[in-house]
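*Asks:* Would you mind keeping the following structure in view while I ask a few things?
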Amino acid sequence: MTLPDFISRLTPDQRKLWETQPIAVVEKQVIVSPDMPSNDVFYVLKGEFEVSTYSERGKIVFYRVIGPGDLFGELAAIDDGPRSATVTALGEGQLIRIGGADFKHLVATSPDVAMWLVGRHTALIRSLTARLYQQIAYDVATRILVELIRLAEVAGVANNRAHILRFPPHHVLATRLGTTREAVTRELNYLGPKEDEAGNENADDD
């Protein structure tokens with residue numbers, strides 16, 4: 001079993017806590033949520049997981065997507081409080097689970113693990129601060145453009161082009177950007193290839 005990034009920093013004795021049989025998950029499976037009383041911590045081996053919460057009226061509030069090599073669930077393990085968000089599998093995946101008490105002890109006794117966690121949370125705070133700024137300062141069209149640039153950078157840009165293999169559905173983009181599906185569709189149509197007077201697509205208008 002490949003143990004990259006976080007787990008690769010652990011000593012052999014510390015790794016024994018994590019070297020367990022991976023847990024298989026399926027698409028749309030809820031792993032943790034505020035109404036699930038547990039403080040286990042999960043390490044992502046495979047797959048992507050959406051972190052979100054819900055308003056009183058049932059509206060989804062999107063936070064971020066977690067991928068391989070990352071953790072989730074550590075806040076409840078550290079402060080023994082309730083889950084702060086819902087984590088849902090976006091597709092099939094594999095997780096490693098560790099008890100909250102074991103994780104808390106690991107952080108308390110390992111400076112390397114503690115510093116990794118501090119660095120990770122610092123990056124998360126910066127990312128969420130940037131998203132909050134965009135929600136307040138940018139109009140919908142600009143927020144969509146910023147998200148398209150982010151997706152392109154993740155996919156990899158070559159010769160000023162990027163191929164986004166798993167482009168999110170319009171309703172998913174709307175949830176992530178705090179807007180409506182109609183607004184996303186309208187903006188993407190506006191940004192799409194233009195046709196010339198003869199009805200041919202003009203590939204240079206991108």
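Residues in the structure tokens are numbered from 1 in each chain, the chains being A, B, ... in the order shown, and ligands are numbered from 1 in the order shown.
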For the structure I just gave you, how does DSSP split chain A - specifically, which residues are helix (DSSP H, G or I)? Reply as a CSV table (one decimal) with N, CA, C and O atoms, in the first residue's frame.
*Replies:*
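Below you can see result_25.csv, which holds the result:
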chain,number,residue,atom,x,y,z
A,7,ILE,N,1.6,10.4,5.7
A,7,ILE,CA,2.0,9.1,6.4
A,7,ILE,C,3.5,8.8,6.2
A,7,ILE,O,4.1,8.2,7.0
A,8,SER,N,4.0,9.3,5.1
A,8,SER,CA,5.5,9.0,4.8
A,8,SER,C,6.4,9.7,5.8
A,8,SER,O,7.5,9.4,6.0
A,9,ARG,N,5.8,10.7,6.5
A,9,ARG,CA,6.6,11.4,7.5
A,9,ARG,C,6.7,10.7,8.9
A,9,ARG,O,7.5,11.1,9.7
A,12,PRO,N,8.2,4.3,11.9
A,12,PRO,CA,7.6,2.9,11.7
A,12,PRO,C,6.5,2.6,12.7
A,12,PRO,O,5.5,2.0,12.4
A,13,ASP,N,6.8,2.9,14.0
A,13,ASP,CA,5.8,2.7,15.0
A,13,ASP,C,4.5,3.5,14.8
A,13,ASP,O,3.4,3.0,15.0
A,14,GLN,N,4.7,4.7,14.4
A,14,GLN,CA,3.5,5.6,14.2
A,14,GLN,C,2.7,5.1,13.0
A,14,GLN,O,1.5,5.2,13.0
A,15,ARG,N,3.4,4.6,12.0
A,15,ARG,CA,2.7,4.1,10.8
A,15,ARG,C,1.8,2.9,11.1
A,15,ARG,O,0.8,2.7,10.3
A,74,GLU,N,-10.1,15.8,11.4
A,74,GLU,CA,-9.1,16.0,12.5
A,74,GLU,C,-9.6,17.1,13.5
A,74,GLU,O,-9.2,17.1,14.7
A,75,LEU,N,-10.5,18.0,13.1
A,75,LEU,CA,-11.0,19.0,14.0
A,75,LEU,C,-11.7,18.4,15.2
A,75,LEU,O,-11.5,18.8,16.4
A,76,ALA,N,-12.6,17.5,14.9
A,76,ALA,CA,-13.3,16.8,16.0
A,76,ALA,C,-12.4,16.0,16.9
A,76,ALA,O,-12.7,15.9,18.1
A,77,ALA,N,-11.4,15.4,16.3
A,77,ALA,CA,-10.4,14.7,17.1
A,77,ALA,C,-9.6,15.6,18.0
A,77,ALA,O,-9.3,15.2,19.2
A,78,ILE,N,-9.3,16.8,17.6
A,78,ILE,CA,-8.4,17.7,18.4
A,78,ILE,C,-9.2,18.3,19.5
A,78,ILE,O,-8.7,18.4,20.6
A,79,ASP,N,-10.4,18.8,19.2
A,79,ASP,CA,-11.2,19.6,20.2
A,79,ASP,C,-12.3,18.8,20.8
A,79,ASP,O,-13.1,19.4,21.7
A,100,GLY,N,-9.9,9.0,16.9
A,100,GLY,CA,-9.6,10.4,17.3
A,100,GLY,C,-8.6,10.5,18.4
A,100,GLY,O,-7.7,11.3,18.3
A,101,ALA,N,-8.7,9.6,19.4
A,101,ALA,CA,-7.7,9.7,20.5
A,101,ALA,C,-6.3,9.3,20.1
A,101,ALA,O,-5.4,10.0,20.5
A,102,ASP,N,-6.2,8.3,19.2
A,102,ASP,CA,-4.9,8.0,18.7
A,102,ASP,C,-4.3,9.1,17.8
A,102,ASP,O,-3.1,9.4,17.9
A,103,PHE,N,-5.1,9.8,17.0
A,103,PHE,CA,-4.6,10.9,16.2
A,103,PHE,C,-4.2,12.1,17.1
A,103,PHE,O,-3.1,12.7,16.9
A,104,LYS,N,-5.0,12.4,18.1
A,104,LYS,CA,-4.6,13.5,19.0
A,104,LYS,C,-3.3,13.2,19.8
A,104,LYS,O,-2.5,14.1,19.9
A,105,HIS,N,-3.1,12.0,20.2
A,105,HIS,CA,-1.9,11.6,20.8
A,105,HIS,C,-0.7,11.7,19.9
A,105,HIS,O,0.4,12.2,20.3
A,106,LEU,N,-0.9,11.3,18.6
A,106,LEU,CA,0.1,11.4,17.6
A,106,LEU,C,0.5,12.9,17.4
A,106,LEU,O,1.8,13.2,17.4
A,107,VAL,N,-0.4,13.8,17.3
A,107,VAL,CA,-0.1,15.2,17.2
A,107,VAL,C,0.6,15.8,18.4
A,107,VAL,O,1.6,16.5,18.3
A,108,ALA,N,0.2,15.3,19.6
A,108,ALA,CA,0.8,15.8,20.8
A,108,ALA,C,2.2,15.3,21.0
A,108,ALA,O,3.0,16.0,21.7
A,109,THR,N,2.6,14.2,20.5
A,109,THR,CA,3.9,13.6,20.7
A,109,THR,C,4.9,13.7,19.6
A,109,THR,O,6.0,13.3,19.7
A,111,PRO,N,6.5,16.4,16.9
A,111,PRO,CA,6.6,17.8,16.4
A,111,PRO,C,6.5,17.8,14.9
A,111,PRO,O,5.9,18.8,14.3
A,112,ASP,N,7.0,16.8,14.2
A,112,ASP,CA,6.9,16.8,12.7
A,112,ASP,C,5.4,16.7,12.3
A,112,ASP,O,5.0,17.5,11.3
A,113,VAL,N,4.6,15.9,12.9
A,113,VAL,CA,3.2,15.8,12.6
A,113,VAL,C,2.5,17.1,12.9
A,113,VAL,O,1.7,17.6,12.1
A,114,ALA,N,2.8,17.7,14.1
A,114,ALA,CA,2.2,18.9,14.5
A,114,ALA,C,2.5,20.0,13.5
A,114,ALA,O,1.6,20.8,13.1
A,115,MET,N,3.7,20.1,13.0
A,115,MET,CA,4.1,21.2,12.1
A,115,MET,C,3.4,21.0,10.7
A,115,MET,O,3.0,21.9,10.1
A,116,TRP,N,3.3,19.7,10.3
A,116,TRP,CA,2.6,19.4,9.1
A,116,TRP,C,1.2,19.9,9.1
A,116,TRP,O,0.7,20.5,8.2
A,117,LEU,N,0.6,19.6,10.3
A,117,LEU,CA,-0.8,20.0,10.5
A,117,LEU,C,-1.0,21.5,10.5
A,117,LEU,O,-1.9,22.1,9.9
A,118,VAL,N,-0.1,22.2,11.2
A,118,VAL,CA,-0.1,23.7,11.2
A,118,VAL,C,0.0,24.2,9.8
A,118,VAL,O,-0.7,25.1,9.4
A,119,GLY,N,1.0,23.7,9.0
A,119,GLY,CA,1.2,24.2,7.6
A,119,GLY,C,0.0,23.9,6.8
A,119,GLY,O,-0.4,24.8,6.0
A,120,ARG,N,-0.7,22.8,6.9
A,120,ARG,CA,-1.8,22.4,6.2
A,120,ARG,C,-3.0,23.3,6.5
A,120,ARG,O,-3.7,23.9,5.6
A,121,HIS,N,-3.2,23.6,7.8
A,121,HIS,CA,-4.3,24.5,8.2
A,121,HIS,C,-4.1,25.9,7.8
A,121,HIS,O,-5.0,26.7,7.5
A,122,THR,N,-2.8,26.3,7.8
A,122,THR,CA,-2.5,27.7,7.3
A,122,THR,C,-2.8,27.8,5.8
A,122,THR,O,-3.4,28.8,5.4
A,123,ALA,N,-2.5,26.8,5.0
A,123,ALA,CA,-2.9,26.8,3.6
A,123,ALA,C,-4.4,26.9,3.4
A,123,ALA,O,-4.9,27.6,2.6
A,124,LEU,N,-5.1,26.1,4.3
A,124,LEU,CA,-6.6,26.1,4.2
A,124,LEU,C,-7.2,27.4,4.5
A,124,LEU,O,-8.1,27.9,3.9
A,125,ILE,N,-6.6,28.1,5.6
A,125,ILE,CA,-7.1,29.4,6.0
A,125,ILE,C,-6.9,30.4,4.8
A,125,ILE,O,-7.8,31.2,4.5
A,126,ARG,N,-5.7,30.4,4.2
A,126,ARG,CA,-5.4,31.3,3.1
A,126,ARG,C,-6.4,31.0,1.9
A,126,ARG,O,-6.9,32.0,1.3
A,127,SER,N,-6.7,29.7,1.6
A,127,SER,CA,-7.6,29.4,0.5
A,127,SER,C,-9.0,29.9,0.8
A,127,SER,O,-9.7,30.5,0.0
A,128,LEU,N,-9.5,29.6,2.0
A,128,LEU,CA,-10.8,30.0,2.4
A,128,LEU,C,-11.0,31.5,2.5
A,128,LEU,O,-12.0,32.1,2.1
A,129,THR,N,-9.9,32.2,2.9
A,129,THR,CA,-9.9,33.7,2.9
A,129,THR,C,-10.0,34.2,1.5
A,129,THR,O,-10.8,35.2,1.3
A,130,ALA,N,-9.3,33.6,0.6
A,130,ALA,CA,-9.4,34.1,-0.8
A,130,ALA,C,-10.8,33.9,-1.4
A,130,ALA,O,-11.3,34.7,-2.1
A,131,ARG,N,-11.4,32.7,-1.1
A,131,ARG,CA,-12.7,32.4,-1.5
A,131,ARG,C,-13.7,33.4,-1.0
A,131,ARG,O,-14.7,33.8,-1.6
A,132,LEU,N,-13.6,33.7,0.3
A,132,LEU,CA,-14.5,34.7,1.0
A,132,LEU,C,-14.4,36.0,0.3
A,132,LEU,O,-15.4,36.7,0.0
A,133,TYR,N,-13.1,36.5,0.0
A,133,TYR,CA,-12.9,37.7,-0.7
A,133,TYR,C,-13.6,37.7,-2.0
A,133,TYR,O,-14.2,38.7,-2.4
A,134,GLN,N,-13.4,36.6,-2.8
A,134,GLN,CA,-14.0,36.5,-4.1
A,134,GLN,C,-15.5,36.6,-4.0
A,134,GLN,O,-16.2,37.3,-4.9
A,135,GLN,N,-16.1,36.0,-3.0
A,135,GLN,CA,-17.6,36.0,-2.9
A,135,GLN,C,-18.1,37.4,-2.6
A,135,GLN,O,-19.2,37.8,-3.1
A,136,ILE,N,-17.3,38.2,-1.9
A,136,ILE,CA,-17.8,39.5,-1.5
A,136,ILE,C,-17.4,40.6,-2.6
A,136,ILE,O,-18.2,41.4,-2.9
A,137,ALA,N,-16.2,40.5,-3.1
A,137,ALA,CA,-15.7,41.5,-4.0
A,137,ALA,C,-16.0,41.3,-5.5
A,137,ALA,O,-16.0,42.3,-6.3
A,140,VAL,N,-20.6,37.7,-10.3
A,140,VAL,CA,-20.8,36.2,-10.6
A,140,VAL,C,-19.9,35.9,-11.8
A,140,VAL,O,-19.2,34.9,-11.8
A,141,ALA,N,-19.8,36.7,-12.8
A,141,ALA,CA,-19.0,36.5,-14.0
A,141,ALA,C,-17.6,36.3,-13.7
A,141,ALA,O,-16.9,35.4,-14.2
A,142,THR,N,-17.1,37.2,-12.8
A,142,THR,CA,-15.7,37.1,-12.4
A,142,THR,C,-15.4,35.9,-11.6
A,142,THR,O,-14.3,35.3,-11.8
A,143,ARG,N,-16.3,35.5,-10.7
A,143,ARG,CA,-16.1,34.3,-9.9
A,143,ARG,C,-16.0,33.1,-10.8
A,143,ARG,O,-15.2,32.2,-10.5
A,144,ILE,N,-16.8,33.1,-11.8
A,144,ILE,CA,-16.8,31.9,-12.8
A,144,ILE,C,-15.4,31.9,-13.5
A,144,ILE,O,-14.8,30.8,-13.6
A,145,LEU,N,-14.9,33.0,-13.9
A,145,LEU,CA,-13.7,33.1,-14.6
A,145,LEU,C,-12.5,32.7,-13.7
A,145,LEU,O,-11.6,31.9,-14.1
A,146,VAL,N,-12.5,33.1,-12.4
A,146,VAL,CA,-11.5,32.7,-11.5
A,146,VAL,C,-11.5,31.2,-11.3
A,146,VAL,O,-10.5,30.5,-11.2
A,147,GLU,N,-12.7,30.6,-11.2
A,147,GLU,CA,-12.8,29.1,-11.0
A,147,GLU,C,-12.3,28.4,-12.3
A,147,GLU,O,-11.6,27.4,-12.2
A,148,LEU,N,-12.6,28.9,-13.4
A,148,LEU,CA,-12.1,28.3,-14.7
A,148,LEU,C,-10.6,28.3,-14.7
A,148,LEU,O,-10.0,27.3,-15.1
A,149,ILE,N,-10.0,29.4,-14.3
A,149,ILE,CA,-8.5,29.5,-14.3
A,149,ILE,C,-8.0,28.5,-13.3
A,149,ILE,O,-7.0,27.9,-13.6
A,150,ARG,N,-8.6,28.4,-12.1
A,150,ARG,CA,-8.1,27.4,-11.1
A,150,ARG,C,-8.2,26.0,-11.7
A,150,ARG,O,-7.2,25.2,-11.5
A,151,LEU,N,-9.3,25.6,-12.3
A,151,LEU,CA,-9.5,24.3,-12.9
A,151,LEU,C,-8.4,24.1,-14.0
A,151,LEU,O,-7.9,22.9,-14.1
A,152,ALA,N,-8.1,25.1,-14.7
A,152,ALA,CA,-7.1,24.9,-15.8
A,152,ALA,C,-5.7,24.7,-15.2
A,152,ALA,O,-4.9,23.9,-15.7
A,153,GLU,N,-5.4,25.5,-14.1
A,153,GLU,CA,-4.1,25.3,-13.5
A,153,GLU,C,-4.0,23.9,-12.9
A,153,GLU,O,-2.9,23.3,-12.9
A,154,VAL,N,-5.0,23.4,-12.3
A,154,VAL,CA,-5.0,22.0,-11.8
A,154,VAL,C,-4.8,21.0,-12.9
A,154,VAL,O,-4.0,20.0,-12.7
A,155,ALA,N,-5.5,21.2,-14.0
A,155,ALA,CA,-5.3,20.3,-15.1
A,155,ALA,C,-4.0,20.3,-15.8
A,155,ALA,O,-3.5,19.4,-16.3
A,170,HIS,N,-22.8,22.1,-14.4
A,170,HIS,CA,-23.1,23.5,-14.1
A,170,HIS,C,-23.7,23.7,-12.7
A,170,HIS,O,-23.4,24.7,-12.1
A,171,HIS,N,-24.5,22.7,-12.3
A,171,HIS,CA,-25.1,22.9,-11.0
A,171,HIS,C,-24.1,22.8,-9.9
A,171,HIS,O,-24.2,23.4,-8.8
A,172,VAL,N,-23.1,22.0,-10.1
A,172,VAL,CA,-22.0,21.9,-9.1
A,172,VAL,C,-21.2,23.2,-9.0
A,172,VAL,O,-20.8,23.7,-8.0
A,173,LEU,N,-20.8,23.7,-10.2
A,173,LEU,CA,-20.1,25.0,-10.2
A,173,LEU,C,-20.9,26.1,-9.5
A,173,LEU,O,-20.4,26.9,-8.8
A,174,ALA,N,-22.2,26.1,-9.8
A,174,ALA,CA,-23.1,27.1,-9.1
A,174,ALA,C,-23.1,27.0,-7.6
A,174,ALA,O,-23.0,28.0,-6.9
A,175,THR,N,-23.1,25.8,-7.1
A,175,THR,CA,-23.0,25.6,-5.6
A,175,THR,C,-21.7,26.1,-5.1
A,175,THR,O,-21.6,26.7,-4.1
A,176,ARG,N,-20.6,25.8,-5.8
A,176,ARG,CA,-19.3,26.1,-5.3
A,176,ARG,C,-19.1,27.7,-5.4
A,176,ARG,O,-18.3,28.2,-4.6
A,177,LEU,N,-19.8,28.3,-6.3
A,177,LEU,CA,-19.5,29.8,-6.5
A,177,LEU,C,-20.6,30.6,-5.9
A,177,LEU,O,-20.6,31.8,-6.1
A,181,ARG,N,-27.4,27.8,-11.4
A,181,ARG,CA,-27.0,27.0,-12.6
A,181,ARG,C,-27.2,27.8,-13.8
A,181,ARG,O,-26.4,27.8,-14.8
A,182,GLU,N,-28.3,28.6,-13.9
A,182,GLU,CA,-28.6,29.4,-15.1
A,182,GLU,C,-27.5,30.4,-15.3
A,182,GLU,O,-27.1,30.7,-16.5
A,183,ALA,N,-27.0,31.1,-14.3
A,183,ALA,CA,-25.9,32.1,-14.4
A,183,ALA,C,-24.7,31.4,-14.9
A,183,ALA,O,-24.0,32.0,-15.8
A,184,VAL,N,-24.3,30.2,-14.4
A,184,VAL,CA,-23.1,29.5,-14.9
A,184,VAL,C,-23.3,29.1,-16.4
A,184,VAL,O,-22.4,29.4,-17.2
A,185,THR,N,-24.4,28.6,-16.7
A,185,THR,CA,-24.7,28.2,-18.1
A,185,THR,C,-24.6,29.4,-19.0
A,185,THR,O,-23.9,29.3,-20.1
A,186,ARG,N,-25.2,30.5,-18.6
A,186,ARG,CA,-25.1,31.7,-19.5
A,186,ARG,C,-23.7,32.2,-19.7
A,186,ARG,O,-23.3,32.5,-20.8
A,187,GLU,N,-22.9,32.2,-18.6
A,187,GLU,CA,-21.6,32.7,-18.7
A,187,GLU,C,-20.7,31.8,-19.5
A,187,GLU,O,-19.9,32.2,-20.4
A,188,LEU,N,-20.8,30.5,-19.4
A,188,LEU,CA,-20.0,29.5,-20.1
A,188,LEU,C,-20.4,29.6,-21.6
A,188,LEU,O,-19.5,29.4,-22.5
A,189,ASN,N,-21.7,29.8,-21.9
A,189,ASN,CA,-22.1,29.9,-23.3
A,189,ASN,C,-21.5,31.2,-23.9
A,189,ASN,O,-21.1,31.2,-25.1
A,190,TYR,N,-21.4,32.2,-23.1
A,190,TYR,CA,-20.8,33.5,-23.6
A,190,TYR,C,-19.3,33.3,-23.9
A,190,TYR,O,-18.8,33.9,-24.9
A,191,LEU,N,-18.7,32.5,-23.1
A,191,LEU,CA,-17.2,32.3,-23.2
A,191,LEU,C,-16.9,31.2,-24.3
A,191,LEU,O,-15.7,31.1,-24.6
*Asks:* For Ala89 of chain A, please output as a ChimeraX atom specification all residues within 7 Å (counting only C-alpha atoms; exclusion window: fewer than 2 positions along the same chain).
*Replies:* /A:26-30,48-50,87,91-92
*Asks:* Grab the residues selected above and save them as a PDB file, in the first residue's frame with N, CA and C atoms.
*Replies:*
ATOM      1  N   VAL A  26     -18.295   4.433  -1.898  1.00  0.00           N
ATOM      2  CA  VAL A  26     -18.952   4.564  -3.189  1.00  0.00           C
ATOM      3  C   VAL A  26     -19.419   6.001  -3.384  1.00  0.00           C
ATOM      4  N   GLU A  27     -19.768   6.316  -4.614  1.00  0.00           N
ATOM      5  CA  GLU A  27     -20.207   7.672  -4.948  1.00  0.00           C
ATOM      6  C   GLU A  27     -21.402   8.092  -4.098  1.00  0.00           C
ATOM      7  N   LYS A  28     -21.346   9.342  -3.622  1.00  0.00           N
ATOM      8  CA  LYS A  28     -22.385   9.985  -2.818  1.00  0.00           C
ATOM      9  C   LYS A  28     -22.490   9.432  -1.395  1.00  0.00           C
ATOM     10  N   GLN A  29     -21.543   8.595  -0.998  1.00  0.00           N
ATOM     11  CA  GLN A  29     -21.549   8.090   0.378  1.00  0.00           C
ATOM     12  C   GLN A  29     -21.102   9.192   1.334  1.00  0.00           C
ATOM     13  N   VAL A  30     -21.876   9.413   2.387  1.00  0.00           N
ATOM     14  CA  VAL A  30     -21.526  10.406   3.407  1.00  0.00           C
ATOM     15  C   VAL A  30     -20.599   9.742   4.417  1.00  0.00           C
ATOM     16  N   GLU A  48     -12.029  11.460  -4.584  1.00  0.00           N
ATOM     17  CA  GLU A  48     -12.215  12.848  -4.193  1.00  0.00           C
ATOM     18  C   GLU A  48     -13.455  12.958  -3.308  1.00  0.00           C
ATOM     19  N   PHE A  49     -13.400  13.898  -2.360  1.00  0.00           N
ATOM     20  CA  PHE A  49     -14.455  14.032  -1.374  1.00  0.00           C
ATOM     21  C   PHE A  49     -14.797  15.512  -1.203  1.00  0.00           C
ATOM     22  N   GLU A  50     -16.090  15.791  -1.256  1.00  0.00           N
ATOM     23  CA  GLU A  50     -16.545  17.178  -1.132  1.00  0.00           C
ATOM     24  C   GLU A  50     -16.843  17.508   0.317  1.00  0.00           C
ATOM     25  N   VAL A  87     -18.783  15.473   4.765  1.00  0.00           N
ATOM     26  CA  VAL A  87     -17.832  15.025   3.744  1.00  0.00           C
ATOM     27  C   VAL A  87     -18.480  13.891   2.962  1.00  0.00           C
ATOM     28  N   GLY A  91     -17.073  10.030  -5.851  1.00  0.00           N
ATOM     29  CA  GLY A  91     -16.986   8.835  -6.680  1.00  0.00           C
ATOM     30  C   GLY A  91     -16.466   7.703  -5.816  1.00  0.00           C
ATOM     31  N   GLU A  92     -16.090   6.603  -6.443  1.00  0.00           N
ATOM     32  CA  GLU A  92     -15.496   5.512  -5.678  1.00  0.00           C
ATOM     33  C   GLU A  92     -14.145   5.950  -5.106  1.00  0.00           C
TER      34      GLU A  92
END
*Asks:* Suppose you want the space between atom CA of Leu71 of chain A and atom CA of Lys59 of chain A; what is it in Å?
*Replies:*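 Computing it gives 25.2 Å between the two atoms.
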*Asks:* Among segment 22-129 of chain A, which residues does DSSP mark as strand (DSSP E) when it is run on the backbone? Keep the chain and numbering as in the structure and answer as a ChimeraX atom specification.
*Replies:* /A:23-25,30-32,41-46,49-54,60-66,71-72,86-89,93-98
*Asks:* Atom CA of Gly93 of chain A and atom CA of Gly73 of chain A are how many Å apart?
*Replies:*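 Atom CA of Gly73 of chain A lies 16.4 Å from atom CA of Gly93 of chain A.
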*Asks:* Which residue gives the smallest distance to Gly178 of chain A among A:Ala24, A:Val65, A:Ile60, A:Leu95, with only C-alpha atoms counted?
*Replies:*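 Ranking A:Ala24, A:Val65, A:Ile60, A:Leu95 by distance to Gly178 of chain A, first place goes to A:Ile60.
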*Asks:* Nearest residue to Ile98 of chain A out of A:Asn160, A:Thr179, A:Ser33, A:Asn39, using only C-alpha atoms?
*Replies:*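 When distances to Ile98 of chain A are compared using only C-alpha atoms, the smallest one comes from A:Asn39.
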